[in-house]
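Data from data-v4.txt: compact mmCIF, C-alpha atoms and all ligand atoms
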# COMPACT_ATOMS: atom_id res chain seq x y z
CA MET A 197 14.86 6.55 33.88
CA SER A 198 11.88 7.49 31.72
CA GLU A 199 8.98 5.01 31.56
CA THR A 200 8.36 5.88 27.93
CA ALA A 201 10.56 5.37 24.89
CA THR A 202 13.27 7.94 24.29
CA THR A 203 15.08 6.37 21.34
CA PHE A 204 13.98 5.74 17.78
CA GLY A 205 15.68 4.53 14.61
CA LEU A 206 15.68 4.72 10.85
CA ASP A 207 15.90 1.49 8.87
CA THR A 208 15.55 1.31 5.13
CA ALA A 209 16.77 -0.53 2.10
CA ARG A 210 19.52 1.06 0.00
CA VAL A 211 17.76 3.07 -2.70
CA VAL A 212 18.82 4.11 -6.21
CA PHE A 213 16.30 6.58 -7.63
CA GLY A 214 15.75 8.24 -10.99
CA SER A 215 14.46 7.95 -14.50
CA GLY A 216 16.53 5.30 -16.30
CA ALA A 217 17.86 3.76 -13.06
CA SER A 218 16.50 0.32 -14.05
CA GLU A 219 18.96 0.16 -16.96
CA GLU A 220 21.76 -0.35 -14.40
CA THR A 221 20.07 -3.35 -12.79
CA GLY A 222 22.54 -5.94 -14.12
CA GLU A 223 25.53 -4.13 -12.65
CA HIS A 224 23.83 -3.71 -9.26
CA VAL A 225 22.84 -7.37 -9.16
CA ALA A 226 26.39 -8.49 -10.05
CA GLN A 227 27.82 -6.15 -7.37
CA LEU A 228 25.68 -7.95 -4.80
CA GLY A 229 27.46 -11.18 -5.77
CA ILE A 230 24.42 -12.74 -7.46
CA THR A 231 25.34 -15.11 -10.30
CA ARG A 232 22.00 -16.85 -10.97
CA ALA A 233 18.85 -14.81 -10.42
CA LEU A 234 15.14 -15.53 -10.58
CA VAL A 235 13.21 -12.54 -11.94
CA VAL A 236 9.84 -12.52 -10.18
CA CYS A 237 7.26 -10.41 -11.99
CA ASP A 238 3.65 -10.26 -13.15
CA PRO A 239 2.45 -10.91 -16.71
CA PHE A 240 2.41 -7.15 -17.45
CA VAL A 241 6.21 -7.07 -17.02
CA SER A 242 6.86 -10.04 -19.31
CA GLY A 243 4.16 -9.00 -21.83
CA SER A 244 5.49 -5.44 -22.19
CA GLY A 245 9.07 -6.51 -22.95
CA LEU A 246 10.33 -5.15 -19.62
CA ALA A 247 11.42 -8.58 -18.37
CA GLU A 248 13.38 -9.16 -21.57
CA ARG A 249 15.20 -5.81 -21.19
CA LEU A 250 15.99 -6.66 -17.60
CA GLN A 251 17.36 -10.07 -18.56
CA ALA A 252 19.57 -8.42 -21.21
CA SER A 253 20.95 -6.08 -18.54
CA LEU A 254 21.60 -9.07 -16.26
CA GLU A 255 23.27 -11.05 -19.03
CA ALA A 256 25.52 -8.11 -19.94
CA ALA A 257 26.71 -8.10 -16.32
CA GLY A 258 27.38 -11.86 -16.39
CA VAL A 259 24.30 -12.86 -14.36
CA GLU A 260 22.27 -15.88 -15.51
CA SER A 261 18.51 -15.46 -15.09
CA SER A 262 15.10 -17.09 -15.46
CA VAL A 263 11.70 -15.42 -15.31
CA TYR A 264 8.74 -16.39 -13.12
CA ASP A 265 5.74 -14.35 -14.25
CA ARG A 266 2.76 -16.32 -12.97
CA ILE A 267 1.56 -13.69 -10.54
CA ALA A 268 -2.05 -12.82 -11.25
CA GLY A 269 -3.65 -10.41 -8.81
CA GLU A 270 -2.63 -9.72 -5.25
CA PRO A 271 -0.73 -12.56 -3.53
CA SER A 272 -2.82 -15.38 -2.09
CA GLU A 273 -1.85 -18.48 -0.14
CA ALA A 274 -2.03 -20.50 -3.41
CA SER A 275 -0.08 -18.07 -5.62
CA VAL A 276 2.68 -17.77 -3.02
CA ALA A 277 2.99 -21.56 -2.69
CA GLU A 278 3.41 -21.87 -6.46
CA ALA A 279 6.03 -19.11 -6.67
CA GLY A 280 7.82 -20.64 -3.68
CA GLU A 281 8.28 -23.90 -5.60
CA ALA A 282 9.82 -22.04 -8.57
CA ALA A 283 12.20 -20.23 -6.18
CA ARG A 284 13.81 -23.46 -4.91
CA GLU A 285 15.79 -24.15 -8.08
CA GLY A 286 19.27 -23.16 -6.97
CA TYR A 287 19.15 -19.35 -7.38
CA ASP A 288 21.53 -17.22 -5.35
CA GLY A 289 19.47 -14.04 -5.63
CA PHE A 290 16.16 -12.56 -6.74
CA VAL A 291 14.97 -9.59 -8.75
CA GLY A 292 11.39 -8.54 -8.02
CA ILE A 293 9.87 -6.23 -10.62
CA GLY A 294 6.25 -5.08 -10.77
CA GLY A 295 3.67 -3.72 -8.38
CA GLY A 296 3.53 -4.60 -4.71
CA SER A 297 2.11 -8.02 -5.59
CA ALA A 298 5.26 -9.02 -7.48
CA LEU A 299 7.61 -7.46 -4.92
CA ASP A 300 5.90 -9.14 -1.96
CA THR A 301 5.95 -12.49 -3.76
CA ALA A 302 9.67 -12.01 -4.50
CA LYS A 303 10.35 -11.38 -0.78
CA LEU A 304 8.68 -14.69 0.09
CA CYS A 305 10.59 -16.46 -2.72
CA ALA A 306 13.87 -15.24 -1.17
CA LEU A 307 12.67 -16.47 2.24
CA PHE A 308 11.68 -19.96 1.05
CA ALA A 309 14.80 -20.38 -1.11
CA THR A 310 17.03 -19.50 1.86
CA HIS A 311 15.33 -21.11 4.83
CA GLY A 312 12.83 -23.60 3.37
CA GLY A 313 9.46 -24.04 5.02
CA GLU A 314 6.14 -22.78 3.79
CA LEU A 315 4.04 -19.67 4.22
CA LEU A 316 2.12 -20.76 7.32
CA ASP A 317 5.38 -21.49 9.15
CA TYR A 318 6.20 -17.77 9.12
CA VAL A 319 2.76 -16.14 9.38
CA ASN A 320 1.90 -14.93 12.88
CA ALA A 321 -0.23 -17.13 15.17
CA PRO A 322 -3.11 -17.87 15.36
CA ILE A 323 -3.29 -18.01 11.54
CA GLY A 324 0.19 -19.49 11.14
CA ARG A 325 2.89 -21.03 13.32
CA GLY A 326 4.71 -17.72 13.86
CA THR A 327 8.26 -19.03 13.36
CA PRO A 328 10.57 -16.00 13.24
CA VAL A 329 12.61 -15.63 10.04
CA PRO A 330 15.78 -17.45 11.17
CA GLY A 331 18.38 -15.19 9.58
CA PRO A 332 19.27 -13.10 6.52
CA VAL A 333 17.75 -14.19 3.22
CA LEU A 334 19.32 -14.34 -0.25
CA PRO A 335 19.62 -10.83 -1.72
CA LEU A 336 16.58 -9.33 -3.41
CA VAL A 337 16.69 -6.33 -5.74
CA ALA A 338 13.25 -4.69 -5.98
CA LEU A 339 12.04 -2.51 -8.86
CA PRO A 340 8.54 -1.06 -8.38
CA THR A 341 6.45 -0.40 -11.49
CA THR A 342 3.61 1.18 -9.48
CA SER A 343 3.90 4.13 -7.10
CA GLY A 344 2.04 3.04 -4.01
CA THR A 345 3.05 0.20 -1.74
CA GLY A 346 6.63 1.19 -0.93
CA SER A 347 7.28 -2.57 -0.74
CA GLU A 348 10.75 -1.98 -2.22
CA VAL A 349 11.89 -0.54 1.13
CA THR A 350 9.66 -2.35 3.64
CA THR A 351 10.02 -5.54 5.67
CA VAL A 352 6.58 -6.95 5.00
CA ALA A 353 4.96 -9.25 2.44
CA VAL A 354 1.14 -9.21 2.49
CA VAL A 355 -0.96 -12.26 1.52
CA ASP A 356 -4.71 -12.77 1.19
CA PHE A 357 -6.28 -15.71 3.03
CA PRO A 358 -9.80 -15.76 1.52
CA ARG A 359 -10.74 -18.84 3.58
CA LEU A 360 -10.13 -16.76 6.74
CA GLY A 361 -11.68 -13.54 5.44
CA THR A 362 -8.57 -11.45 5.98
CA LYS A 363 -5.14 -10.59 4.68
CA THR A 364 -2.07 -10.92 6.80
CA GLY A 365 1.60 -10.98 6.24
CA VAL A 366 5.07 -12.00 7.13
CA SER A 367 7.09 -9.13 8.50
CA HIS A 368 10.74 -9.29 9.45
CA ARG A 369 13.72 -6.99 8.92
CA HIS A 370 15.46 -9.81 7.02
CA LEU A 371 12.77 -9.56 4.32
CA ARG A 372 13.71 -6.00 3.39
CA PRO A 373 15.20 -5.91 -0.13
CA ALA A 374 18.98 -5.51 -0.33
CA LEU A 375 18.48 -2.77 -2.91
CA ALA A 376 15.52 -0.78 -4.26
CA ILE A 377 15.88 0.55 -7.80
CA VAL A 378 13.11 3.14 -8.22
CA ASP A 379 12.77 4.18 -11.84
CA PRO A 380 9.74 6.46 -12.33
CA ALA A 381 9.83 5.78 -16.10
CA LEU A 382 8.64 2.23 -15.32
CA THR A 383 5.35 3.61 -13.96
CA VAL A 384 4.34 5.66 -17.02
CA SER A 385 2.30 2.79 -18.49
CA CYS A 386 0.07 2.42 -15.38
CA PRO A 387 -3.56 3.02 -16.40
CA PRO A 388 -5.42 5.82 -14.55
CA GLY A 389 -7.26 3.34 -12.29
CA VAL A 390 -4.02 1.67 -11.14
CA THR A 391 -2.36 5.10 -10.71
CA ALA A 392 -5.27 6.26 -8.54
CA ALA A 393 -5.48 3.14 -6.37
CA THR A 394 -1.72 2.89 -5.83
CA GLY A 395 -1.24 6.65 -5.37
CA ILE A 396 -3.85 6.78 -2.63
CA ASP A 397 -2.08 3.84 -0.94
CA ALA A 398 1.15 5.87 -0.82
CA LEU A 399 -0.76 8.79 0.68
CA MET A 400 -2.40 6.57 3.28
CA HIS A 401 0.99 5.23 4.39
CA ALA A 402 2.14 8.80 4.94
CA LEU A 403 -1.08 9.98 6.64
CA GLU A 404 -1.25 7.01 8.99
CA ALA A 405 2.46 7.09 9.85
CA TYR A 406 2.04 10.82 10.58
CA THR A 407 -0.95 10.34 12.88
CA VAL A 408 0.01 7.01 14.51
CA SER A 409 0.66 7.29 18.27
CA ALA A 410 4.08 8.83 18.82
CA HIS A 411 7.10 6.74 19.82
CA ASP A 412 7.61 8.70 23.04
CA THR A 413 4.10 7.91 24.28
CA ARG A 414 4.87 4.19 24.19
CA ALA A 415 6.33 2.03 26.93
CA ARG A 416 10.10 1.84 27.00
CA MET A 417 11.31 -1.58 25.80
CA SER A 418 14.63 -3.34 25.47
CA LEU A 419 16.10 -3.52 21.98
CA ALA A 420 15.10 -7.18 21.70
CA GLN A 421 11.46 -6.45 22.60
CA ARG A 422 11.05 -3.35 20.43
CA PRO A 423 8.58 -3.89 17.58
CA PRO A 424 9.47 -2.71 14.05
CA TYR A 425 6.54 -0.26 14.25
CA GLN A 426 7.97 2.19 16.82
CA GLY A 427 5.42 5.01 16.38
CA ALA A 428 5.67 8.47 14.84
CA ASN A 429 9.14 9.94 15.31
CA PRO A 430 11.17 12.81 13.91
CA PHE A 431 12.59 10.71 11.05
CA SER A 432 9.23 9.36 9.90
CA ASP A 433 7.66 12.83 10.26
CA LEU A 434 10.16 14.25 7.75
CA PHE A 435 9.36 11.57 5.22
CA CYS A 436 5.59 11.79 5.81
CA GLU A 437 5.42 15.55 5.38
CA ARG A 438 7.34 15.36 2.10
CA ALA A 439 5.25 12.46 0.83
CA ILE A 440 1.92 14.16 1.66
CA ALA A 441 2.97 17.35 -0.14
CA LEU A 442 4.22 15.41 -3.19
CA VAL A 443 0.95 13.50 -3.47
CA GLY A 444 -1.04 16.73 -3.10
CA GLU A 445 0.97 18.33 -5.91
CA SER A 446 1.11 15.38 -8.30
CA LEU A 447 -1.46 12.61 -7.94
CA ARG A 448 -4.28 14.38 -9.81
CA THR A 449 -1.89 15.06 -12.73
CA ALA A 450 -0.46 11.52 -12.75
CA VAL A 451 -4.00 10.10 -13.01
CA ALA A 452 -5.15 12.58 -15.68
CA ASP A 453 -1.96 12.46 -17.78
CA GLY A 454 0.06 9.31 -17.23
CA ASP A 455 2.82 10.47 -19.59
CA ASP A 456 3.70 13.41 -17.36
CA LEU A 457 7.09 12.20 -16.15
CA GLU A 458 7.42 15.01 -13.61
CA ALA A 459 4.21 13.91 -11.87
CA ARG A 460 5.25 10.24 -12.15
CA THR A 461 8.64 11.08 -10.60
CA ALA A 462 7.00 12.95 -7.72
CA MET A 463 4.66 10.02 -7.08
CA ALA A 464 7.52 7.49 -7.21
CA LEU A 465 9.44 9.55 -4.65
CA ALA A 466 6.32 9.94 -2.49
CA SER A 467 5.70 6.21 -2.55
CA THR A 468 9.25 5.28 -1.57
CA VAL A 469 9.60 7.85 1.20
CA ALA A 470 6.14 6.98 2.55
CA GLY A 471 7.30 3.34 2.57
CA ILE A 472 10.37 4.31 4.62
CA ALA A 473 8.14 6.28 6.99
CA PHE A 474 5.49 3.66 7.65
CA SER A 475 7.88 0.73 7.92
CA GLY A 476 9.43 2.52 10.90
CA ALA A 477 6.45 4.31 12.41
CA GLY A 478 3.56 1.95 11.57
CA VAL A 479 0.04 2.41 10.27
CA HIS A 480 -3.23 2.12 12.16
CA VAL A 481 -7.03 1.99 11.78
CA PRO A 482 -7.58 2.37 7.99
CA HIS A 483 -5.07 -0.43 7.30
CA ALA A 484 -6.61 -2.67 9.97
CA LEU A 485 -10.04 -2.20 8.35
CA ALA A 486 -8.63 -2.63 4.82
CA TYR A 487 -7.59 -6.25 5.25
CA PRO A 488 -11.11 -7.66 5.79
CA ILE A 489 -12.61 -5.11 3.36
CA ALA A 490 -10.37 -6.46 0.57
CA SER A 491 -10.55 -10.09 1.62
CA LEU A 492 -14.37 -10.38 1.84
CA GLN A 493 -15.21 -8.66 -1.47
CA HIS A 494 -14.23 -10.42 -4.71
CA ASP A 495 -17.16 -9.28 -6.89
CA TRP A 496 -16.31 -5.63 -7.53
CA THR A 497 -14.55 -4.73 -10.79
CA PRO A 498 -12.26 -1.70 -10.53
CA ALA A 499 -11.37 0.30 -13.65
CA GLY A 500 -7.85 -0.28 -14.99
CA TYR A 501 -7.34 -3.82 -13.70
CA GLY A 502 -8.24 -5.76 -16.85
CA GLY A 503 -11.66 -6.86 -15.62
CA ALA A 504 -10.37 -8.58 -12.46
CA ALA A 505 -12.94 -8.59 -9.64
CA PHE A 506 -11.47 -7.49 -6.31
CA VAL A 507 -10.87 -4.34 -4.24
CA PRO A 508 -7.37 -2.95 -4.92
CA HIS A 509 -5.42 -2.49 -1.71
CA GLY A 510 -5.21 1.32 -1.91
CA TYR A 511 -8.97 1.69 -2.27
CA ALA A 512 -9.59 -0.78 0.56
CA VAL A 513 -7.42 1.37 2.83
CA ALA A 514 -8.71 4.79 1.78
CA VAL A 515 -12.44 4.09 1.69
CA THR A 516 -12.87 4.36 5.48
CA ALA A 517 -10.13 6.97 5.95
CA PRO A 518 -12.27 10.14 5.80
CA ALA A 519 -14.44 8.70 8.60
CA VAL A 520 -11.36 7.59 10.55
CA PHE A 521 -9.73 11.03 10.36
CA ARG A 522 -12.99 12.71 11.42
CA PHE A 523 -12.99 10.37 14.44
CA LEU A 524 -9.31 11.02 15.26
CA ALA A 525 -9.34 14.77 14.66
CA ASP A 526 -9.70 15.60 18.36
CA ALA A 527 -6.94 13.15 19.39
CA VAL A 528 -4.25 14.51 17.02
CA PRO A 529 -5.62 17.92 15.97
CA GLU A 530 -2.30 19.55 15.00
CA ARG A 531 -1.26 16.57 12.91
CA CYS A 532 -4.58 16.43 11.06
CA ALA A 533 -4.52 20.17 10.37
CA ALA A 534 -0.89 20.09 9.18
CA ALA A 535 -1.59 17.13 6.86
CA SER A 536 -4.61 18.94 5.40
CA ARG A 537 -2.51 22.05 4.75
CA LEU A 538 0.21 19.99 3.06
CA LEU A 539 -2.29 18.10 0.94
CA ASP A 540 -4.30 20.98 -0.49
CA GLY A 541 -4.03 24.01 1.78
CA GLY A 542 -7.14 22.91 3.69
CA GLU A 543 -7.94 22.78 7.38
CA MET A 544 -9.75 19.47 7.80
CA LEU A 545 -7.82 16.35 6.80
CA ALA A 546 -10.97 14.29 6.22
CA GLU A 547 -12.27 16.88 3.75
CA SER A 548 -8.94 17.30 1.89
CA LEU A 549 -8.67 13.54 1.52
CA ALA A 550 -12.29 13.14 0.36
CA ARG A 551 -11.77 15.88 -2.27
CA LEU A 552 -8.68 14.12 -3.63
CA MET A 553 -10.40 10.72 -3.70
CA GLU A 554 -13.31 12.15 -5.63
CA ASP A 555 -11.04 13.96 -8.12
CA ILE A 556 -9.07 10.79 -8.97
CA GLY A 557 -12.16 8.57 -9.25
CA ALA A 558 -11.52 6.51 -6.12
CA PRO A 559 -14.56 4.99 -4.39
CA THR A 560 -15.47 7.15 -1.42
CA ARG A 561 -18.08 4.89 0.21
CA LEU A 562 -18.21 1.17 1.09
CA SER A 563 -21.53 0.94 -0.78
CA GLU A 564 -19.70 1.85 -4.02
CA ILE A 565 -17.55 -1.29 -3.71
CA GLY A 566 -20.48 -3.59 -3.05
CA TYR A 567 -20.95 -3.54 0.71
CA GLY A 568 -24.38 -3.21 2.35
CA ALA A 569 -25.41 -2.41 5.92
CA ASP A 570 -25.81 -6.11 6.76
CA ASP A 571 -22.19 -6.87 5.79
CA LEU A 572 -20.49 -4.48 8.16
CA ALA A 573 -20.51 -6.64 11.29
CA LYS A 574 -18.61 -9.33 9.33
CA LEU A 575 -15.73 -6.91 8.81
CA VAL A 576 -15.16 -6.13 12.49
CA PRO A 577 -13.47 -9.40 13.60
CA GLY A 578 -10.95 -9.26 10.73
CA ALA A 579 -10.00 -5.71 11.72
CA LEU A 580 -9.74 -6.66 15.41
CA ASP A 581 -7.28 -9.43 14.40
CA GLN A 582 -4.87 -6.67 13.30
CA ARG A 583 -3.93 -5.85 16.88
CA ARG A 584 -0.37 -4.90 15.90
CA LEU A 585 -1.91 -2.06 13.84
CA LEU A 586 -4.74 -1.01 16.15
CA VAL A 587 -2.30 -0.41 19.02
CA GLY A 588 -1.01 2.52 16.96
CA SER A 589 -4.35 4.32 16.94
CA PRO A 590 -4.04 7.64 18.78
CA LYS A 591 -7.51 6.99 20.24
CA GLU A 592 -8.85 3.76 21.76
CA VAL A 593 -10.69 1.65 19.16
CA GLY A 594 -12.69 -1.45 20.00
CA PRO A 595 -15.48 -3.36 18.24
CA ALA A 596 -18.07 -0.58 18.77
CA GLU A 597 -15.82 2.13 17.33
CA LEU A 598 -14.89 -0.03 14.33
CA GLN A 599 -18.56 -0.76 13.63
CA ALA A 600 -19.36 2.98 13.88
CA LEU A 601 -16.50 3.86 11.49
CA LEU A 602 -17.77 1.30 8.98
CA GLU A 603 -21.32 2.67 9.27
CA ALA A 604 -20.04 6.21 8.73
CA SER A 605 -18.22 5.00 5.60
CA LEU A 606 -21.23 3.23 4.06
N1 LIG B 1 4.94 -4.93 1.26
C1 LIG B 1 4.41 -3.78 1.56
O1 LIG B 1 5.01 -2.97 2.27
C2 LIG B 1 3.05 -3.46 1.04
C3 LIG B 1 2.46 -2.22 1.31
C4 LIG B 1 1.21 -1.95 0.78
C5 LIG B 1 0.55 -2.90 0.01
N2 LIG B 1 1.13 -4.12 -0.20
C6 LIG B 1 0.48 -5.15 -1.04
O2 LIG B 1 0.81 -4.90 -2.41
C7 LIG B 1 -0.23 -5.43 -3.25
C8 LIG B 1 -0.73 -4.36 -4.20
O3 LIG B 1 0.31 -3.86 -4.99
P1 LIG B 1 0.02 -2.72 -6.08
O4 LIG B 1 -1.01 -1.82 -5.54
O5 LIG B 1 1.30 -2.18 -6.49
O6 LIG B 1 -0.69 -3.51 -7.26
P2 LIG B 1 -0.31 -4.82 -8.07
O7 LIG B 1 1.09 -5.21 -7.88
O8 LIG B 1 -1.34 -5.86 -7.74
O9 LIG B 1 -0.51 -4.32 -9.57
C9 LIG B 1 -1.73 -3.81 -9.97
C10 LIG B 1 -1.96 -4.02 -11.45
O10 LIG B 1 -1.16 -3.11 -12.17
C11 LIG B 1 -0.42 -3.78 -13.18
N3 LIG B 1 0.80 -3.00 -13.37
C12 LIG B 1 1.83 -2.87 -12.50
N4 LIG B 1 2.72 -2.00 -12.97
C13 LIG B 1 2.26 -1.55 -14.17
C14 LIG B 1 2.73 -0.62 -15.14
N5 LIG B 1 3.88 0.04 -14.95
N6 LIG B 1 1.99 -0.43 -16.25
C15 LIG B 1 0.81 -1.08 -16.45
N7 LIG B 1 0.31 -1.96 -15.54
C16 LIG B 1 1.02 -2.18 -14.42
C17 LIG B 1 -0.25 -5.16 -12.65
O11 LIG B 1 -0.04 -6.07 -13.71
C18 LIG B 1 -1.57 -5.40 -11.95
O12 LIG B 1 -2.57 -5.79 -12.87
C19 LIG B 1 -1.34 -5.88 -2.29
O13 LIG B 1 -1.28 -7.27 -2.11
C20 LIG B 1 -1.03 -5.14 -1.01
O14 LIG B 1 -1.55 -5.79 0.13
C21 LIG B 1 2.36 -4.39 0.27

Take the structure I supplied and represent it as structure tokens, if you would.
Amino acid sequence: MSETATTFGLDTARVVFGSGASEETGEHVAQLGITRALVVCDPFVSGSGLAERLQASLEAAGVESSVYDRIAGEPSEASVAEAGEAAREGYDGFVGIGGGSALDTAKLCALFATHGGELLDYVNAPIGRGTPVPGPVLPLVALPTTSGTGSEVTTVAVVDFPRLGTKTGVSHRHLRPALAIVDPALTVSCPPGVTAATGIDALMHALEAYTVSAHDTRARMSLAQRPPYQGANPFSDLFCERAIALVGESLRTAVADGDDLEARTAMALASTVAGIAFSGAGVHVPHALAYPIASLQHDWTPAGYGGAAFVPHGYAVAVTAPAVFRFLADAVPERCAAASRLLDGGEMLAESLARLMEDIGAPTRLSEIGYGADDLAKLVPGALDQRRLLVGSPKEVGPAELQALLEASL
């Protein structure tokens, strides 16, 4: 029998996609048997009247609901603890609506409401106690209002631990939403800065899942041992190739003209299919570097985020990516060339990506987001902690390589 893996799978949430799809939310929620739902969202959703429309749809379907909208910024240990308290009020289901921050918080709400405990119980050791999610959680319906994270179809909820200088998450197949309702019309109001940062996140999911080490180069494991990130495989390749092409065709337009529903629809599709791809195949070096890059910098003010000082996740991931793809080009040359062709008809992935980042106003160097040469060594340990991601790199990366990639990105 082969020493390397020969099987691979495709897991995803059920997805309903299309402009206007969110209007059917009440019916979907009722069909899942939910009678009393907590709507978990950020203040944009309640302030724009979206939460009210959603509650009306729930009420029309006979579902009682309350709104929790106290999510400000990307989830932190403190914000998740507060939302977790609100979740334990006798709900039998959850509706997460907003960007990845709201959707990830909603996943953790469903977890705490079903199985009790607190965040650190479920976060992997050594940061947390690493208790596996004991079983299925109460149903969650996820409606993204940004096109980037793919959280509506993934198993992971990401949380910042500023005291530890890194982000980490809880990942388990039971955390995957029962249903994703992807309505591109909900993303039209995203300002250009949010569209750029989230759009580049979607692209990075697809590029990393496309270049991660392939499933059939990995050791064969029993079903029980097999990690959720199984490596690049024919299913994830299909989704990645489509997502990369969609981003290449549409992200510049979505940033320049947010009302262009065709571009918004393409980006929403790209984000969801890239989410399906990376939650099966995995991501690698840029994501491992992104967690400390975001966690150790809370003094940079990105455009489009209402004056909040932090590095949006998509920028934290993409800022080292041109350097990473230059480094990996000899390990996965066909993949890098194919991705470049899909993105803008180019030949060098690093150059195609850098051109896109520049065109959409994304920071292209660590120095632009406030890092100096003396800070780089502090980022290496946080990236090394992301071993589950670094194992997917198609080329060996240790502390020296990470330091060199950071220097090349300064
Ligand atoms: N679970 C996953 O699979 C996964 C994957 C990637 C990233 N993440 C996590 O997701 C979080 C980032 O999510 P995000 O990038 O979607 O950003 P976000 O959820 O933090 O939202 C960004 C900003 O955009 C606003 N906003 C959202 N939708 C809007 C709309 N339609 N119109 C106007 N404003 C809108 C929000 O209020 C917020 O100010 C990070 O914590 C990241 O680590 C999770």

Counting only C-alpha atoms, which residues come within 12 Å of (19.3, 1.1, -13.7), with the point read in the file's coordinates, and could you list them as an MDAnalysis selection string?
chainID A and resid 211:225 249:250 253:254 337:339 375:382

Requested write-out: C-alpha atoms of the selected residues, as a PDB file, keeping the file's coordinate frame:
ATOM      1  CA  VAL A 211      17.760   3.070  -2.700  1.00  0.00           C
ATOM      2  CA  VAL A 212      18.820   4.110  -6.210  1.00  0.00           C
ATOM      3  CA  PHE A 213      16.300   6.580  -7.630  1.00  0.00           C
ATOM      4  CA  GLY A 214      15.750   8.240 -10.990  1.00  0.00           C
ATOM      5  CA  SER A 215      14.460   7.950 -14.500  1.00  0.00           C
ATOM      6  CA  GLY A 216      16.530   5.300 -16.300  1.00  0.00           C
ATOM      7  CA  ALA A 217      17.860   3.760 -13.060  1.00  0.00           C
ATOM      8  CA  SER A 218      16.500   0.320 -14.050  1.00  0.00           C
ATOM      9  CA  GLU A 219      18.960   0.160 -16.960  1.00  0.00           C
ATOM     10  CA  GLU A 220      21.760  -0.350 -14.400  1.00  0.00           C
ATOM     11  CA  THR A 221      20.070  -3.350 -12.790  1.00  0.00           C
ATOM     12  CA  GLY A 222      22.540  -5.940 -14.120  1.00  0.00           C
ATOM     13  CA  GLU A 223      25.530  -4.130 -12.650  1.00  0.00           C
ATOM     14  CA  HIS A 224      23.830  -3.710  -9.260  1.00  0.00           C
ATOM     15  CA  VAL A 225      22.840  -7.370  -9.160  1.00  0.00           C
ATOM     16  CA  ARG A 249      15.200  -5.810 -21.190  1.00  0.00           C
ATOM     17  CA  LEU A 250      15.990  -6.660 -17.600  1.00  0.00           C
ATOM     18  CA  SER A 253      20.950  -6.080 -18.540  1.00  0.00           C
ATOM     19  CA  LEU A 254      21.600  -9.070 -16.260  1.00  0.00           C
ATOM     20  CA  VAL A 337      16.690  -6.330  -5.740  1.00  0.00           C
ATOM     21  CA  ALA A 338      13.250  -4.690  -5.980  1.00  0.00           C
ATOM     22  CA  LEU A 339      12.040  -2.510  -8.860  1.00  0.00           C
ATOM     23  CA  LEU A 375      18.480  -2.770  -2.910  1.00  0.00           C
ATOM     24  CA  ALA A 376      15.520  -0.780  -4.260  1.00  0.00           C
ATOM     25  CA  ILE A 377      15.880   0.550  -7.800  1.00  0.00           C
ATOM     26  CA  VAL A 378      13.110   3.140  -8.220  1.00  0.00           C
ATOM     27  CA  ASP A 379      12.770   4.180 -11.840  1.00  0.00           C
ATOM     28  CA  PRO A 380       9.740   6.460 -12.330  1.00  0.00           C
ATOM     29  CA  ALA A 381       9.830   5.780 -16.100  1.00  0.00           C
ATOM     30  CA  LEU A 382       8.640   2.230 -15.320  1.00  0.00           C
TER      31      LEU A 382
END

Please check which residues have atoms at most 9 Å from (6.5, 12.6, 9.1) in the file's coordinates, counting only C-alpha atoms, and write them as a PyMOL selection string.
chain A and resi 402-403+405-407+428-440+470+473+477

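Here CA of Ala283 (chain A) is placed at a distance of 20.1 Å from CA of Gly258 (chain A).
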
Pick from A:Thr461, A:Gly444, A:Arg369, A:Arg522 nearest to Gly542 (chain A), counting only C-alpha atoms:
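Checking each of A:Thr461, A:Gly444, A:Arg369, A:Arg522 against Gly542 (chain A), counting only C-alpha atoms, the winner is A:Gly444.
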
Taking 5 positions as the minimum chain separation for residues in the same chain, which residues sit within 12 Å of His370 (chain A) when counting only C-alpha atoms? Answer as a VMD selection string.
chain A and resid 207 to 209 303 to 304 306 to 307 310 to 311 328 to 336 349 to 353 424

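Closest to Leu606 (chain A) among A:Ala309, A:Val515, A:Leu549, A:Ala573 is A:Val515, based on all atoms listed in the file.
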
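Closest approach to Ala464 (chain A) among A:Pro488, A:Pro529, A:Pro340, A:Gly245: A:Pro340, based on all atoms listed in the file.
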
Dump region 562-567 of chain A with N, CA and C atoms to a file, as a short mmCIF file (atom, residue, chain, number, x, y, z; two decimals), in the first residue's frame.
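This went into selection-v8.cif:
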data_model
loop_
_atom_site.label_atom_id
_atom_site.label_comp_id
_atom_site.auth_asym_id
_atom_site.auth_seq_id
_atom_site.Cartn_x
_atom_site.Cartn_y
_atom_site.Cartn_z
N LEU A 562 6.03 46.07 4.79
CA LEU A 562 5.81 46.11 6.24
C LEU A 562 6.06 47.51 6.80
N SER A 563 7.00 48.24 6.17
CA SER A 563 7.29 49.60 6.67
C SER A 563 6.06 50.51 6.52
N GLU A 564 5.21 50.24 5.52
CA GLU A 564 4.01 51.07 5.34
C GLU A 564 3.01 50.89 6.48
N ILE A 565 3.05 49.75 7.16
CA ILE A 565 2.10 49.53 8.26
C ILE A 565 2.79 49.68 9.62
N GLY A 566 3.92 50.36 9.61
CA GLY A 566 4.52 50.77 10.89
C GLY A 566 5.62 49.88 11.44
N TYR A 567 6.07 48.90 10.68
CA TYR A 567 7.15 48.06 11.17
C TYR A 567 8.53 48.59 10.75
#
